[in-house]
Every structure is written in structure tokens, then in C-alpha cells.
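Here is the file target_39.cif (mmCIF, C-alpha atoms).
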```cif
data_model
#
loop_
_atom_site.label_atom_id
_atom_site.label_comp_id
_atom_site.auth_asym_id
_atom_site.auth_seq_id
_atom_site.Cartn_x
_atom_site.Cartn_y
_atom_site.Cartn_z
CA MET O 204 56.35 -35.99 -1.85
CA SER O 205 53.87 -33.89 -3.81
CA ASP O 206 50.89 -35.23 -5.70
CA PHE O 207 51.31 -34.42 -9.41
CA ILE O 208 48.74 -34.45 -12.21
CA GLN O 209 50.35 -34.66 -15.65
CA ILE O 210 48.31 -33.78 -18.73
CA HIS O 211 49.41 -34.69 -22.27
CA MET O 212 47.49 -33.76 -25.43
CA LEU O 213 47.70 -34.18 -29.19
CA THR O 214 45.78 -31.54 -31.15
CA SER O 215 45.77 -30.95 -34.91
CA HIS O 216 45.49 -27.37 -36.17
CA PRO O 217 45.25 -26.95 -39.97
CA ALA O 218 45.78 -23.67 -41.85
CA SER O 219 46.03 -21.31 -38.90
CA LEU O 220 48.22 -18.70 -37.24
CA LEU O 221 47.92 -19.63 -33.58
CA ASN O 222 50.75 -17.61 -32.01
CA ARG O 223 52.97 -15.11 -33.77
CA GLY O 224 56.10 -13.23 -32.82
CA GLU O 225 56.94 -9.56 -33.24
CA ASP O 226 57.77 -10.23 -36.90
CA GLY O 227 54.20 -11.37 -37.53
CA LEU O 228 55.33 -14.92 -38.30
CA ALA O 229 54.32 -18.08 -36.47
CA LYS O 230 56.54 -18.85 -33.48
CA THR O 231 58.98 -21.73 -33.91
CA MET O 232 61.50 -23.73 -31.88
CA PRO O 233 64.35 -26.05 -32.95
CA PHE O 234 64.05 -29.55 -31.47
CA GLY O 235 65.79 -32.76 -32.47
CA GLY O 236 67.55 -31.09 -35.38
CA GLU O 237 64.30 -29.80 -36.92
CA THR O 238 62.43 -26.50 -36.61
CA ARG O 239 58.99 -27.05 -35.08
CA THR O 240 55.96 -24.76 -34.97
CA ARG O 241 55.40 -23.52 -31.42
CA ILE O 242 52.59 -22.15 -29.26
CA SER O 243 54.14 -20.34 -26.31
CA SER O 244 53.16 -21.21 -22.77
CA GLN O 245 52.23 -17.56 -22.17
CA CYS O 246 49.78 -17.71 -25.09
CA LEU O 247 48.26 -20.95 -23.82
CA LYS O 248 47.83 -19.68 -20.25
CA TYR O 249 46.30 -16.41 -21.44
CA THR O 250 43.83 -18.27 -23.66
CA TRP O 251 42.81 -20.76 -20.97
CA ARG O 252 42.27 -18.21 -18.23
CA GLN O 253 40.03 -16.10 -20.51
CA ASP O 254 37.51 -18.92 -20.82
CA ASP O 255 34.27 -18.42 -18.89
CA ARG O 256 34.75 -21.72 -17.07
CA MET O 257 37.86 -20.37 -15.36
CA GLN O 258 36.56 -16.93 -14.35
CA SER O 259 35.14 -17.92 -10.99
CA ILE O 260 34.81 -21.09 -8.92
CA ASP O 261 32.87 -20.98 -5.65
CA GLU O 262 34.51 -18.21 -3.58
CA THR O 263 37.27 -17.41 -6.07
CA GLU O 264 37.58 -14.92 -8.93
CA MET O 265 40.18 -14.02 -11.53
CA ALA O 266 42.83 -11.42 -10.70
CA VAL O 267 43.13 -7.97 -12.24
CA ARG O 268 46.48 -7.52 -14.01
CA SER O 269 47.43 -4.10 -15.34
CA ARG O 270 49.80 -1.15 -15.02
CA GLN O 271 46.74 0.96 -14.20
CA THR O 272 45.22 -1.19 -11.47
CA PHE O 273 45.81 1.36 -8.69
CA TYR O 274 43.92 4.02 -10.61
CA HIS O 275 41.02 1.99 -12.05
CA GLU O 276 40.47 -0.38 -9.12
CA VAL O 277 41.48 1.73 -6.10
CA ALA O 278 41.62 5.49 -6.75
CA LYS O 279 38.75 5.87 -9.23
CA PRO O 280 36.16 3.93 -7.16
CA LEU O 281 37.00 5.99 -4.08
CA ILE O 282 36.67 9.25 -6.02
CA GLU O 283 33.33 8.04 -7.41
CA GLU O 284 32.20 7.37 -3.82
CA GLY O 285 32.71 11.05 -3.14
CA TYR O 286 36.12 11.16 -1.46
CA ASP O 287 38.26 14.21 -2.17
CA PRO O 288 40.71 13.39 -5.01
CA LYS O 289 43.27 15.68 -3.30
CA LEU O 290 43.32 13.10 -0.49
CA VAL O 291 42.74 9.94 -2.54
CA TYR O 292 45.53 10.51 -5.00
CA PRO O 293 48.41 10.89 -2.47
CA ALA O 294 47.07 7.96 -0.41
CA VAL O 295 46.87 5.59 -3.38
CA CYS O 296 50.26 6.62 -4.79
CA ASN O 297 51.88 6.17 -1.39
CA LEU O 298 50.46 2.63 -1.14
CA ARG O 299 51.45 1.88 -4.72
CA ASP O 300 55.08 2.84 -4.18
CA VAL O 301 55.44 0.55 -1.18
CA ILE O 302 53.88 -2.36 -3.08
CA THR O 303 55.88 -1.92 -6.28
CA ASP O 304 59.11 -1.00 -4.48
CA ALA O 305 59.16 2.15 -6.58
CA ASN O 306 60.21 5.71 -5.93
CA THR O 307 58.03 7.56 -8.40
CA THR O 308 55.45 9.32 -6.25
CA PRO O 309 55.63 13.10 -6.40
CA SER O 310 55.74 14.89 -3.09
CA ILE O 311 52.48 15.25 -1.18
CA LYS O 312 52.19 18.89 -2.25
CA GLU O 313 52.82 18.02 -5.91
CA SER O 314 50.18 15.29 -5.68
CA VAL O 315 47.62 17.67 -4.24
CA LYS O 316 48.41 20.27 -6.88
CA ALA O 317 48.01 17.67 -9.67
CA ALA O 318 44.61 16.67 -8.30
CA GLU O 319 43.53 20.31 -8.09
CA GLU O 320 44.57 21.07 -11.67
CA GLU O 321 43.13 17.96 -13.36
CA ASP O 322 39.51 16.92 -13.65
CA THR O 323 39.07 13.77 -11.60
CA GLU O 324 37.68 11.97 -14.65
CA HIS O 325 40.98 12.58 -16.42
CA LEU O 326 43.39 11.92 -13.61
CA HIS O 327 46.37 10.79 -15.64
CA THR O 328 47.04 7.06 -15.61
CA GLY O 329 49.55 6.56 -18.42
CA ALA O 330 53.08 5.33 -17.73
CA GLU O 331 54.41 8.37 -19.60
CA SER O 332 53.25 10.59 -16.75
CA ASP O 333 53.97 10.47 -13.04
CA ASN O 334 50.81 12.46 -12.33
CA GLY O 335 48.64 9.39 -11.99
CA ALA O 336 48.06 6.34 -9.86
CA ASP O 337 49.50 3.87 -12.32
CA SER O 338 52.13 1.33 -11.28
CA GLY O 339 55.15 3.01 -12.80
CA GLY O 340 55.09 0.88 -15.95
CA GLN O 341 54.92 -2.38 -13.99
CA VAL O 342 52.05 -4.82 -14.50
CA VAL O 343 50.73 -5.83 -11.09
CA VAL O 344 48.46 -8.76 -10.22
CA PHE O 345 45.86 -8.45 -7.47
CA GLY O 346 42.73 -10.42 -6.70
CA PRO O 347 39.36 -8.76 -5.97
CA PRO O 348 39.69 -9.48 -2.19
CA GLU O 349 43.05 -7.70 -2.08
CA LEU O 350 41.73 -4.73 -4.02
CA GLU O 351 38.77 -4.39 -1.67
CA PHE O 352 41.13 -4.53 1.31
CA MET O 353 43.20 -1.70 -0.20
CA ARG O 354 40.11 0.42 -0.80
CA GLU O 355 38.88 -0.17 2.74
CA ALA O 356 42.29 0.64 4.25
CA ILE O 357 42.39 3.95 2.36
CA ARG O 358 38.77 4.70 3.29
CA GLU O 359 39.75 4.41 6.95
CA ASP O 360 42.67 6.77 6.35
CA LEU O 361 40.48 9.31 4.57
CA GLU O 362 37.83 9.20 7.28
CA SER O 363 40.43 9.89 9.97
CA ILE O 364 42.26 12.74 8.20
CA ASP O 365 41.13 16.09 9.60
CA LYS O 366 43.81 18.34 8.14
CA ASP O 367 44.23 20.33 4.97
CA PRO O 368 45.52 18.13 2.10
CA GLU O 369 48.61 20.32 1.73
CA ASP O 370 49.54 19.54 5.34
CA LEU O 371 49.54 15.77 4.78
CA GLU O 372 52.62 13.79 5.77
CA LYS O 373 53.50 10.26 4.74
CA ASP O 374 52.89 9.13 8.32
CA ASP O 375 49.24 10.09 7.84
CA LEU O 376 48.88 7.56 5.02
CA THR O 377 48.59 3.78 5.03
CA ASP O 378 51.22 1.56 3.50
CA TYR O 379 51.20 -2.22 3.26
CA THR O 380 53.42 -4.76 1.56
CA THR O 381 51.81 -7.18 -0.87
CA GLY O 382 52.16 -9.97 1.69
CA GLU O 383 50.37 -7.99 4.38
CA ILE O 384 47.55 -7.17 1.98
CA SER O 385 47.21 -10.81 0.91
CA GLU O 386 47.17 -12.09 4.50
CA SER O 387 44.66 -9.45 5.61
CA ALA O 388 42.27 -9.97 2.68
CA ASP O 389 41.01 -13.20 4.32
CA ALA O 390 39.85 -15.10 1.23
CA VAL O 391 40.28 -18.52 -0.39
CA ALA O 392 42.40 -17.06 -3.19
CA PRO O 393 43.24 -13.46 -2.20
CA ALA O 394 45.36 -12.88 -5.31
CA GLY O 395 42.85 -14.48 -7.69
CA VAL O 396 42.33 -17.99 -8.95
CA ASP O 397 44.74 -17.47 -11.89
CA ALA O 398 47.51 -16.40 -9.50
CA ALA O 399 46.82 -19.57 -7.49
CA MET O 400 47.45 -21.53 -10.69
CA PHE O 401 50.16 -19.59 -12.51
CA GLY O 402 51.85 -17.73 -9.65
CA ARG O 403 52.60 -14.10 -8.86
CA MET O 404 55.92 -12.29 -8.71
CA THR O 405 56.14 -9.16 -6.58
CA THR O 406 58.83 -6.51 -6.31
CA ASP O 407 58.26 -5.12 -2.84
CA GLU O 408 60.71 -5.82 -0.04
CA SER O 409 58.56 -8.58 1.46
CA ASP O 410 58.46 -11.94 -0.29
CA ALA O 411 55.29 -12.98 1.56
CA GLY O 412 53.19 -11.80 -1.40
CA GLN O 413 55.02 -14.09 -3.80
CA ILE O 414 52.91 -17.01 -5.01
CA GLU O 415 54.61 -20.08 -6.39
CA ALA O 416 53.04 -21.34 -9.61
CA SER O 417 51.24 -24.65 -9.12
CA VAL O 418 50.36 -25.19 -12.79
CA HIS O 419 53.41 -25.59 -15.04
CA VAL O 420 52.86 -25.20 -18.80
CA LYS O 421 55.28 -26.32 -21.52
CA HIS O 422 55.44 -24.63 -24.90
CA ALA O 423 53.43 -26.74 -27.35
CA LEU O 424 55.46 -28.09 -30.29
CA THR O 425 54.53 -29.90 -33.48
CA VAL O 426 55.54 -33.57 -33.62
CA HIS O 427 56.84 -32.98 -37.16
CA PRO O 428 58.87 -30.21 -38.87
CA HIS O 429 57.46 -26.70 -39.28
CA GLN O 430 54.95 -26.48 -42.12
CA ARG O 431 54.18 -23.00 -43.40
CA GLU O 432 52.64 -21.28 -46.38
CA SER O 433 52.52 -17.58 -47.22
CA ASP O 434 48.86 -16.65 -47.62
CA TYR O 435 48.52 -13.86 -50.18
CA PHE O 436 45.25 -11.99 -49.81
CA ILE O 437 43.44 -8.86 -50.96
CA ALA O 438 40.66 -6.69 -49.60
CA ALA O 439 38.12 -5.93 -52.31
CA ASP O 440 37.20 -2.34 -53.15
CA ASP O 441 33.57 -1.94 -54.20
CA PHE O 442 34.40 1.07 -56.38
CA GLN O 443 37.41 -0.51 -58.09
CA ASP O 444 36.89 -2.58 -61.25
CA SER O 445 39.88 -4.90 -60.79
CA GLY O 446 42.57 -5.75 -58.31
CA GLY O 447 42.09 -5.02 -54.63
CA GLY O 448 42.01 -2.07 -52.29
CA HIS O 449 44.59 -3.73 -50.06
CA LEU O 450 47.22 -6.40 -50.76
CA ASN O 451 49.17 -8.33 -48.13
CA ALA O 452 50.47 -11.74 -47.10
CA LYS O 453 50.56 -13.63 -43.81
CA ASP O 454 52.16 -16.88 -42.72
CA LEU O 455 49.80 -19.77 -42.14
CA THR O 456 50.86 -23.06 -40.61
CA SER O 457 49.44 -26.56 -40.15
CA GLY O 458 50.52 -28.94 -37.43
CA LEU O 459 49.87 -31.73 -34.97
CA TYR O 460 50.89 -30.35 -31.58
CA TYR O 461 51.98 -32.06 -28.38
CA THR O 462 50.96 -30.08 -25.28
CA ASN O 463 52.13 -30.84 -21.73
CA VAL O 464 50.91 -29.39 -18.41
CA VAL O 465 51.87 -30.42 -14.87
CA VAL O 466 49.71 -29.54 -11.85
CA ASP O 467 51.31 -29.62 -8.40
CA TYR O 468 48.13 -30.58 -6.55
CA ASP O 469 49.53 -29.89 -3.09
CA GLY O 470 50.84 -26.51 -4.23
CA LEU O 471 47.50 -25.61 -5.78
CA THR O 472 45.64 -26.62 -2.62
CA HIS O 473 48.04 -24.50 -0.55
CA ASN O 474 47.43 -21.49 -2.83
CA LEU O 475 43.68 -22.03 -2.36
CA SER O 476 43.88 -21.89 1.44
CA GLY O 477 43.68 -25.67 1.78
CA ARG O 478 40.41 -26.01 -0.16
CA GLU O 479 40.80 -29.39 -1.88
CA ASP O 480 37.26 -29.23 -3.22
CA ILE O 481 38.04 -26.06 -5.18
CA ALA O 482 41.43 -27.43 -6.32
CA SER O 483 39.79 -30.59 -7.72
CA GLU O 484 37.04 -28.61 -9.44
CA LEU O 485 39.62 -26.25 -10.92
CA ILE O 486 41.74 -29.08 -12.33
CA GLY O 487 38.70 -30.71 -13.90
CA ARG O 488 37.72 -27.45 -15.55
CA LEU O 489 41.28 -26.80 -16.72
CA ILE O 490 41.40 -30.19 -18.46
CA GLY O 491 38.12 -29.39 -20.21
CA VAL O 492 39.33 -25.97 -21.31
CA MET O 493 42.70 -27.30 -22.51
CA SER O 494 40.94 -29.92 -24.63
CA THR O 495 38.49 -27.58 -26.33
CA VAL O 496 39.78 -23.98 -26.35
CA THR O 497 42.13 -22.82 -29.09
CA PRO O 498 44.46 -19.81 -29.14
CA GLY O 499 44.73 -18.07 -32.47
CA ALA O 500 45.22 -14.92 -34.46
CA LYS O 501 43.33 -14.24 -37.71
CA LYS O 502 40.25 -15.97 -36.32
CA SER O 503 37.92 -14.36 -38.87
CA SER O 504 39.84 -15.82 -41.81
CA THR O 505 41.10 -19.15 -40.44
CA ALA O 506 38.48 -20.26 -37.86
CA PRO O 507 41.22 -22.00 -35.82
CA TYR O 508 38.95 -24.15 -33.67
CA SER O 509 40.20 -27.65 -32.92
CA HIS O 510 39.60 -30.10 -30.10
CA ALA O 511 42.25 -32.42 -28.72
CA GLU O 512 42.27 -35.84 -30.39
CA LEU O 513 44.22 -37.59 -27.66
CA LEU O 514 44.32 -36.88 -23.93
CA VAL O 515 46.51 -38.79 -21.47
CA VAL O 516 46.24 -37.82 -17.79
CA GLU O 517 48.47 -39.25 -15.06
CA ARG O 518 48.32 -38.83 -11.30
CA GLY O 519 50.83 -39.89 -8.67
CA GLU O 520 53.79 -38.88 -6.55
CA LYS O 521 56.50 -39.67 -9.09
CA GLN O 522 58.59 -36.79 -10.41
CA PRO O 523 56.89 -35.37 -13.54
CA ARG O 524 58.51 -35.85 -16.94
CA THR O 525 57.56 -34.63 -20.38
CA LEU O 526 56.62 -37.02 -23.16
CA ALA O 527 57.79 -34.56 -25.83
CA ASN O 528 60.94 -36.61 -26.23
CA ALA O 529 58.83 -39.27 -27.93
CA PHE O 530 59.00 -36.85 -30.87
CA ARG O 531 62.66 -35.83 -30.65
CA GLY O 532 63.00 -37.68 -33.90
CA ALA O 533 60.52 -35.67 -35.92
CA LEU O 534 57.69 -37.61 -37.51
CA PRO O 535 57.10 -37.01 -41.22
CA ALA O 536 54.77 -34.14 -42.09
CA SER O 537 52.22 -36.69 -43.26
CA ALA O 538 52.08 -38.38 -39.82
CA THR O 539 48.60 -39.11 -38.49
CA VAL O 540 47.27 -38.95 -34.94
CA GLU O 541 47.53 -42.76 -34.87
CA ASP O 542 51.23 -42.50 -35.78
CA ALA O 543 51.84 -40.03 -32.95
CA GLN O 544 49.87 -42.21 -30.52
CA ALA O 545 52.05 -45.16 -31.42
CA GLU O 546 55.20 -43.11 -30.72
CA LEU O 547 53.80 -42.02 -27.36
CA GLU O 548 52.88 -45.57 -26.40
CA GLY O 549 56.33 -46.86 -27.26
CA TYR O 550 58.03 -44.07 -25.34
CA LEU O 551 55.75 -44.52 -22.32
CA SER O 552 56.38 -48.25 -22.30
CA GLY O 553 60.13 -47.64 -22.12
CA MET O 554 59.78 -45.03 -19.38
CA ASP O 555 57.51 -47.34 -17.38
CA SER O 556 59.96 -50.23 -17.61
CA MET O 557 62.78 -48.00 -16.34
CA TYR O 558 61.02 -45.85 -13.73
CA GLY O 559 57.69 -47.53 -13.06
CA LYS O 560 54.20 -46.20 -13.79
CA PRO O 561 52.44 -43.39 -11.92
CA GLU O 562 49.68 -44.59 -9.63
CA ASP O 563 46.96 -43.73 -12.18
CA ARG O 564 46.91 -43.16 -15.93
CA TRP O 565 43.81 -42.55 -18.03
CA VAL O 566 43.45 -42.04 -21.78
CA CYS O 567 40.67 -40.88 -24.08
CA GLY O 568 40.82 -40.13 -27.76
CA THR O 569 39.03 -40.00 -31.07
CA GLN O 570 41.07 -42.72 -32.77
CA LEU O 571 42.24 -45.06 -30.04
CA PRO O 572 43.14 -48.66 -30.90
CA ASP O 573 41.21 -51.52 -29.29
CA GLU O 574 44.16 -52.14 -26.97
CA THR O 575 45.51 -48.90 -25.49
CA GLY O 576 48.51 -50.57 -23.84
CA ALA O 577 50.87 -48.20 -22.06
CA LEU O 578 48.67 -45.19 -22.90
CA GLY O 579 46.49 -45.99 -19.89
CA ASP O 580 42.99 -47.03 -18.90
CA ARG O 581 40.51 -46.12 -21.61
CA THR O 582 37.78 -43.73 -20.49
CA THR O 583 36.06 -40.47 -21.51
CA LEU O 584 36.91 -36.81 -21.05
CA SER O 585 34.11 -36.24 -18.55
CA GLN O 586 35.15 -39.27 -16.51
CA ILE O 587 38.75 -38.05 -16.39
CA GLN O 588 37.54 -34.65 -15.18
CA GLU O 589 35.64 -36.38 -12.36
CA GLN O 590 38.43 -38.82 -11.42
CA VAL O 591 41.25 -36.34 -11.05
#
```
Exercise: express the given structure as C-alpha cells:
Amino acid sequence: MSDFIQIHMLTSHPASLLNRGEDGLAKTMPFGGETRTRISSQCLKYTWRQDDRMQSIDETEMAVRSRQTFYHEVAKPLIEEGYDPKLVYPAVCNLRDVITDANTTPSIKESVKAAEEEDTEHLHTGAESDNGADSGGQVVVFGPPELEFMREAIREDLESIDKDPEDLEKDDLTDYTTGEISESADAVAPAGVDAAMFGRMTTDESDAGQIEASVHVKHALTVHPHQRESDYFIAADDFQDSGGGHLNAKDLTSGLYYTNVVVDYDGLTHNLSGREDIASELIGRLIGVMSTVTPGAKKSSTAPYSHAELLVVERGEKQPRTLANAFRGALPASATVEDAQAELEGYLSGMDSMYGKPEDRWVCGTQLPDETGALGDRTTLSQIQEQV
């Protein structure tokens, strides 16, 4: 049985636009017969991994994720080292096509011709062109150790090639699957610390490069119905006597959000090459970032910075379960944090009586009652970060 860490938060965000859809409006989700304001899990994960505290821990670093990784992180550095672009370009594209399970590389001769005709500083990287070492429109995720392994593998190829570029054959060039690259990179988190947390999907024929997500993030929902207001605004024009130089309107919302994250501790440790010390440090930092870092659009006009007002953290081997169902019956829009805490405590008490409690449960908050009851053992954020 795995060891699970379950994190539950209540955070109030007034007058903000935290996460919008393609229509420019705040994202929503129906739940319990009411439309709720939503912050997508993708938005939350992106925001958390951008924080400085998550960028590197001991021997780990964040991954590079882009459609242009093969150009910017493999081909361009090799060209800048002085290697002939007429050799670099075919080698990188050949490796890319094996990794992405694509069939977009021009022939060797076409590749050499493209390198001859284009300045190396402008070697095309856009997905609209197949003359560059992009990833064929596919975002790929690689950690710094894997990228260095790729560069070194191609360096060895280039050093051993003693023929004219136009005489190159595919057999002269290195190809590796993602799994082979990851295994050969010999690092704590070859694919990057964020891939160790949130997983990596690959499209090559080998599934050895796949990384199972160890941190599972639920979309955050308000505990009450969606509250929105259209914010009409103008941009002043210094040379205009009245009115504005620009008129527009944007949706703003206010809400008390429930956020839920589950960490598979054993899975995270596995993704970190068995390093429990790094896994524990990473979880502590993640809890701190979740509690204090806010996603948000329109930051200059809404300053959407809020800290969590309630944090419940559980640890044990029992199957994880969300506490969002405490709010299936939507609270009134006027509900306070204390009201939501009371709903959580009642729901937890019922779950505990039916299924039993996890081995450990801690709670900290800004407005906790004297008796925290089923919410857990009262403590502080820093102590929770140390205990997990």
C-alpha cells in the first residue's frame, strides 16, 4: 500500500480573474446543481512550478518544455561550440524523430542543403516549417541531465564523422528512445523535478520514458455559487478632454475556493531515484507554495494575492478521497471561512466514523476554533512542512 499525503485548502480570492477560458471569462464548473468558479489544475500546476522555491532542490532542476527544445537546447549550443551546422542539423533532427515518433525529417541531403542556405543564427525553428529542429508541433519535456546526454551523444557522432555531409546516412547518426536517454542520463531526476511530480507522456515506441505523475491536483472550486461582475474600464488619453482612449469590460469574480492535492509519496520517491530526503523536502516546499502563491490574470489591476486561510494535511496508507463533497450543497455566497470549516469538520467526522482516520492529520488556520475536532491536530504551517 502506498503512503499518501493529502492536502486540503480554503483560500478566499476577492475581485480577481484567476483563470480564464478562451472566451476571456472566468472558468466555471457545475457541481451540486450550482455553477461554481473554477481554477483549473493545469493553471495551478503551472503557477506552483514557476515559483523560485520549486526550481531546484539539491541535485534536481526543472525540465525544459517546448516545441523548440531540440533547436534551442541541443542544436544551437552545438553550433555555438563550433560544430558544422550541416552535420548538427541532420543529427539532431534524426534524434528528434525517433523520440517524438515522427516522420517529418527531410532527407539527409535536404537537411544539408537547408543548413547551407540559412544562416545558422536563423535556422528555422517554427512548427510551420520542416526546415528546423523543432519537435513537429509537439511540446516535449526533458530535464537538463537528459539534454546534456543528447548533446554529448551527438558530439561523439560529430567527432567520429569523417565524410562529406552530403554522404551521410542514417546509420551514421545516433538515435535513442526517451527511455534510453533517461536511463543513460544518470541523475536523481533525469526528466526534471516537475516531471517527477506531474509526470511525462512520451510518444516514441518505448514506454520506458513515461513518468507516472506522483502529485495529483484537483480543479479548485468555490464552496458557493459563481459570483461575477462585469468590470467596465477605460484607458485615459492625455490629449483627450473627456471620455477615454480605450473602453472595455472584463469579468471579475470573488470566491472562497477549496483546493485538493494528493501526493503519492512512494511514487514521488521512485521518480526521484529513491531519494526520500529530496521527496520530503519537495513536499514541504510544495505545501508552502500552495499556501502562498496565487495564479491570476489582470495582476496589475486586481492584485490577486491571497494566502490560504485553512490548511488540513493528512498522511497515511488509506485510499485518498476528496473533501469537496462537503460543499456539494453550495454554501450561501455570504458564507465565511468559519462556515466552510464547520462543513469540512462535519464531513470529515462522518468519513472518519465510516472509514477510519488516516494515521496523521494536522490543521492550521487563521480562524480556527478553540477545539478543532475532526479537522486534526492544531499546529503551524512551518511545523506541517517539517512533519510531512
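As for atom CA of O:Leu571 and atom CA of O:Leu513, they are spaced 8.1 Å apart.
Between atom CA of O:Phe207 and atom CA of O:Asp467 there is a distance of 4.9 Å.
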Identify, on the basis of all atoms listed in the file, every residue whose closest approach to O:Phe345 does not exceed 6 Å; exclude the query and any residue fewer than 2 positions from it along the same chain; express the result as number ranges by chain.
-> O: 266-267, 394
Once the PyMOL selection byres ((chain O and resi 221) around 9) has been applied to the shown file, what residues remain in the selection, as a list of chain:residue names?
-> O:His216, O:Ser219, O:Leu220, O:Asn222, O:Arg223, O:Ala229, O:Lys230, O:Arg241, O:Ile242, O:Cys246, O:Leu455, O:Thr456, O:Thr497, O:Pro498, O:Gly499, O:Ala500, O:Lys501, O:Lys502, O:Pro507
Can you list, as a list of chain:residue names, every protein, DNA or RNA residue that comes within 9 Å of O:Ser243 when you count all atoms listed in the file, leaving out same-chain residues fewer than 5 positions away?
-> O:Asn222, O:Lys230, O:Lys248, O:Lys421, O:His422, O:Ala423, O:Leu424
How would you write, as number ranges by chain, the residues chosen by the PyMOL selection byres ((chain O and resi 551-561) around 9) on this structure?
-> O: 517-521, 526, 529, 546-550, 562-564, 576-578
Create the file for the chosen residues now, containing C-alpha atoms and written as an mmCIF file, in the frame of the given file.
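Wrote it out as again36.cif, contents follow:
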```cif
data_model
loop_
_atom_site.group_PDB
_atom_site.id
_atom_site.type_symbol
_atom_site.label_atom_id
_atom_site.label_comp_id
_atom_site.auth_asym_id
_atom_site.auth_seq_id
_atom_site.Cartn_x
_atom_site.Cartn_y
_atom_site.Cartn_z
ATOM 1 C CA GLU O 517 48.470 -39.250 -15.060
ATOM 2 C CA ARG O 518 48.320 -38.830 -11.300
ATOM 3 C CA GLY O 519 50.830 -39.890 -8.670
ATOM 4 C CA GLU O 520 53.790 -38.880 -6.550
ATOM 5 C CA LYS O 521 56.500 -39.670 -9.090
ATOM 6 C CA LEU O 526 56.620 -37.020 -23.160
ATOM 7 C CA ALA O 529 58.830 -39.270 -27.930
ATOM 8 C CA GLU O 546 55.200 -43.110 -30.720
ATOM 9 C CA LEU O 547 53.800 -42.020 -27.360
ATOM 10 C CA GLU O 548 52.880 -45.570 -26.400
ATOM 11 C CA GLY O 549 56.330 -46.860 -27.260
ATOM 12 C CA TYR O 550 58.030 -44.070 -25.340
ATOM 13 C CA GLU O 562 49.680 -44.590 -9.630
ATOM 14 C CA ASP O 563 46.960 -43.730 -12.180
ATOM 15 C CA ARG O 564 46.910 -43.160 -15.930
ATOM 16 C CA GLY O 576 48.510 -50.570 -23.840
ATOM 17 C CA ALA O 577 50.870 -48.200 -22.060
ATOM 18 C CA LEU O 578 48.670 -45.190 -22.900
#
```
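Among the candidates O:Val516, O:Ile490, O:Leu298, O:Val391, the one nearest to O:Arg478 when counting all atoms listed in the file is O:Val391.
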Convert the output of the PyMOL selection byres ((chain O and resi 353-358) around 12) on the shown file into explicit residues, formatted as a VMD selection string.
-> chain O and resid 272 to 282 284 to 287 290 to 299 302 345 to 352 359 to 364 375 to 381 383 to 385 387 to 388 393
By how many Å are atom CA of O:Arg531 and atom CA of O:Ile587 apart?
-> 27.9 Å
Fewer than 6 positions away in the same chain doesn't count, so skip those; otherwise give me all residues within 8 Å of O:Trp251, counting only C-alpha atoms, as a count of residues only.
-> 5
